[in-house]
Amino acid sequence: MTVIRTTTGPRFARLRGLGVFRGELLVPNEDIIGPIDSSDEWIRKMTGIATRVRAKPDTSVIDMAEAASRQALENAGIDADEIDAVILSTITFPHITPGGAPVVADRLGIDAAAFDISAACAGYCYGIGQADSLVRSGQARNVLVVGAEKMSEFIDPADRSISYLLGDAAGAVVVGPSETPAIGPTVWGSDGAGAHLVRQTASWFEYRDNPDTPFPTLYQEGPSVYKWASFKMAPVALEAIEAAGVTPADIQAFIPHQANMRIIDQMVKQIGLPDHVAIARDIVDSGNTSAASIPLATERMLRDGEVKSGDLALQIGFGAGLVYAAQVVVLP
Amino acid sequence: MALSEQEVLAGLAEIVAEETGIDTADVQLDKSFTDDLDIDSLSMMTIVTLAEEKFDVRIPDEEVKNLVSVGDAVNYITTAQA
């Protein structure tokens with residue numbers, strides 16, 4: 001029998017370099033409270049958000065992904081031709097096909113494998129899990145993982161469920177080979193029974209076929225999502241810590257998806273993180289930027305000196321699907 | 001064994017106090033969670049989740065809107081336990 005050859009790769013992978021792009025406009029609560037008949041005080045109390053970053057009208061999700069990617073490549077110190085796969089996590093690239101990843105890759109001068117993933121606010125951690133496997137299997141030398149969202153294209157200014165939380169941004173990281181373990185096992189899963197909890201208000205067919213249907217935007221059952229994220233995600237986070245062979249005391253940073261400060265606070269309590277663990281709270285200034293929020297928060301913590309390269313961080317993404325993914329990583 | 005109404009009320013009051021800082025003595029059957037105790041929708045979900053754990057009952061999300069008063073919650077839990 002003829003035996004085919006398969007790839008073999010390095011034993012370990014790591015995050016090599018991070019890049020971000022924040023929407024150019026800083027939008028304070030005062031600018032959005034009118035249509036939702038709310039107040040700065042209420043938004044801060046319910047979400048912790050003071051401002052959210054939003055992109056200019058002529059800045060596309062691809063533009064943001066490209067900018068973050070260029071920075072990630074530069075910080076990783078590698079050339080575009082060393083990237084063997086580009087994974088773009090987005091729910092706001094406005095085409096059913098083609099995907100956005102090949103377009104981003106082309107702008108960067110990359111002709112390697114490129115594909116989108118739709119895992120909403122868990123997309124970045126899904127991408128890291130995939131990239132880790134691609135590198136360690138030898139299928140790719142380096143993988144560019146990008147989370148990019150222009151959420152403001154899919155909001156209803158009068159919606160009180162989710163629109164006021166959302167921001168526009170992109171985060172990118174290069175995953176490559178490592179001599180030491182630097183990305184723990186990804187603990188991931190889904191709960192499709194909760195698919196209705198975060199959703200588009202109408203399908204494209206409903207929009208096409210019914211003239212009374214407004215342009216589809218995002219909607220969430222806020223309290224139910226809060227309950228799921230706050231209480232069901234803590235065991236997932238603990239599982240990721242255990243899978244990495246460490247304990248909460250070994251972690252220097254907790255970087256959850258920046259969905260809502262109330263969720264972050266409750267998760268910290270439920271996980272039982274020690275006081276020394278730095279908690280990502282970029283949501284205060286950037287809002288909820290979906291797949292971009294974890295790399296954005298990571299960059300912020302590194303820049304502010306809350307954490308440093310080489311520290312251990314627990315990151316967890318969770319969102320529409322419902323889907324979730326968590327892993328312990330060594331910060332780049 | 002199912003708990004009495006007073007036992008459920010006492011347990012629920014402890015949860016409310018833990019989540020909000022409200023004195024347990026103020027958590028009475030006729031008090032409205034929102035109007036009297038100023039508990040918002042997210043804190044309410046925390047209270048519901050902790051109550052599910054404490055009393056070993058399930059309170060579906062869609063039922064939470066019907067739990068207007070503390071008495072509603074106590075009745076729901078007491079019935080669910082039976």
# chains A, B, ... in the order shown; residues from 1 in each chain; ligands from 1
call {"tool": "closest_atom_pairs", "arguments": {"of": "chain B", "to": "chain A", "cutoff": "9 Å", "atoms": "only C-alpha atoms", "output": "JSON lines"}}
result
{"residue": "B:Asp40", "atom": "CA", "partner": "A:Met46", "partner_atom": "CA", "distance": 8.3}
{"residue": "B:Ser41", "atom": "CA", "partner": "A:Pro223", "partner_atom": "CA", "distance": 6.2}
{"residue": "B:Leu42", "atom": "CA", "partner": "A:Pro223", "partner_atom": "CA", "distance": 5.5}
{"residue": "B:Ser43", "atom": "CA", "partner": "A:Pro223", "partner_atom": "CA", "distance": 8.9}
{"residue": "B:Met44", "atom": "CA", "partner": "A:Pro223", "partner_atom": "CA", "distance": 8.5}
{"residue": "B:Met45", "atom": "CA", "partner": "A:Lys227", "partner_atom": "CA", "distance": 6.0}
{"residue": "B:Thr46", "atom": "CA", "partner": "A:Lys227", "partner_atom": "CA", "distance": 6.8}
{"residue": "B:Thr49", "atom": "CA", "partner": "A:Lys227", "partner_atom": "CA", "distance": 7.4}
{"residue": "B:Asp61", "atom": "CA", "partner": "A:Ser224", "partner_atom": "CA", "distance": 6.3}
{"residue": "B:Glu62", "atom": "CA", "partner": "A:Ser224", "partner_atom": "CA", "distance": 8.9}
call {"tool": "write_last_selection", "arguments": {"atoms": "N, CA and C atoms", "output": "compact mmCIF listing (two decimals), in the first residue's frame"}}
result
# COMPACT_ATOMS: atom_id res chain seq x y z
N ASP B 40 -32.13 46.32 39.33
CA ASP B 40 -32.22 46.39 37.86
C ASP B 40 -32.25 44.99 37.25
N SER B 41 -32.42 44.95 35.94
CA SER B 41 -32.65 43.67 35.26
C SER B 41 -31.46 42.71 35.37
N LEU B 42 -30.25 43.26 35.43
CA LEU B 42 -29.07 42.38 35.52
C LEU B 42 -28.90 41.84 36.94
N SER B 43 -29.10 42.70 37.92
CA SER B 43 -29.05 42.21 39.31
C SER B 43 -30.14 41.17 39.55
N MET B 44 -31.30 41.38 38.92
CA MET B 44 -32.39 40.43 39.07
C MET B 44 -31.96 39.05 38.55
N MET B 45 -31.23 39.04 37.42
CA MET B 45 -30.76 37.77 36.87
C MET B 45 -29.76 37.09 37.81
N THR B 46 -28.94 37.90 38.45
CA THR B 46 -28.00 37.33 39.42
C THR B 46 -28.76 36.70 40.58
N THR B 49 -30.38 33.48 39.51
CA THR B 49 -29.41 32.39 39.36
C THR B 49 -28.97 31.84 40.72
N ASP B 61 -35.76 31.91 32.05
CA ASP B 61 -35.59 33.36 31.83
C ASP B 61 -36.93 34.04 31.55
N GLU B 62 -37.79 33.35 30.78
CA GLU B 62 -39.05 33.99 30.39
C GLU B 62 -40.01 34.13 31.57
call {"tool": "residues_around", "arguments": {"residues": "Val27 in chain A", "least_positions_apart": "5", "cutoff": "8 Å", "atoms": "only C-alpha atoms", "output": "list in words"}}
result
Ile32, Thr51, Arg52, Val53 and Arg54 of chain A
call {"tool": "select_by_dssp", "arguments": {"residues": "range 237-313 of chain A", "states": "strand (DSSP E)", "output": "PyMOL selection string"}}
result
chain A and resi 253-256+278-279+312-313
call {"tool": "residues_around", "arguments": {"residues": "range 275-283 of chain A", "least_positions_apart": "3", "cutoff": "7 Å", "atoms": "only C-alpha atoms", "output": "list in words"}}
result
Ile49, Ile251, Gln252, Ala253, Phe254, Ile255, Pro256, Gln258, Ser286, Gly287, Asn288, Ala297, Met301 and Glu306 of chain A
call {"tool": "select_by_dssp", "arguments": {"residues": "chain B", "states": "alpha helix (DSSP H)", "output": "PyMOL selection string"}}
result
chain B and resi 5-20+41-55+61-64+70-81
call {"tool": "atom_distance", "arguments": {"atom1": "CA of Glu30 in chain A", "atom2": "CA of Tyr164 in chain A"}}
result
10.9 Å
call {"tool": "closest_residue", "arguments": {"among": "B:Ile22, B:Val27, B:Val57, B:Ala80", "to": "Ala10 in chain B", "atoms": "only C-alpha atoms"}}
result
B:Val27
call {"tool": "closest_residue", "arguments": {"among": "A:Gly19, A:Pro248, A:Pro57, A:Gly127", "to": "Gly77 in chain A", "atoms": "only C-alpha atoms"}}
result
A:Gly19
call {"tool": "atom_distance", "arguments": {"atom1": "CA of Ala67 in chain A", "atom2": "CA of Arg107 in chain A"}}
result
10.0 Å
call {"tool": "atom_distance", "arguments": {"atom1": "CA of Glu153 in chain A", "atom2": "CA of Ala113 in chain A"}}
result
27.6 Å
call {"tool": "closest_residue", "arguments": {"among": "A:Met233, A:Arg300, A:Leu314, A:Pro295", "to": "Leu273 in chain A", "atoms": "only C-alpha atoms"}}
result
A:Leu314
call {"tool": "closest_residue", "arguments": {"among": "A:Gln139, A:Arg44, A:Ala76, A:Leu218", "to": "Ser163 in chain A", "atoms": "only C-alpha atoms"}}
result
A:Leu218
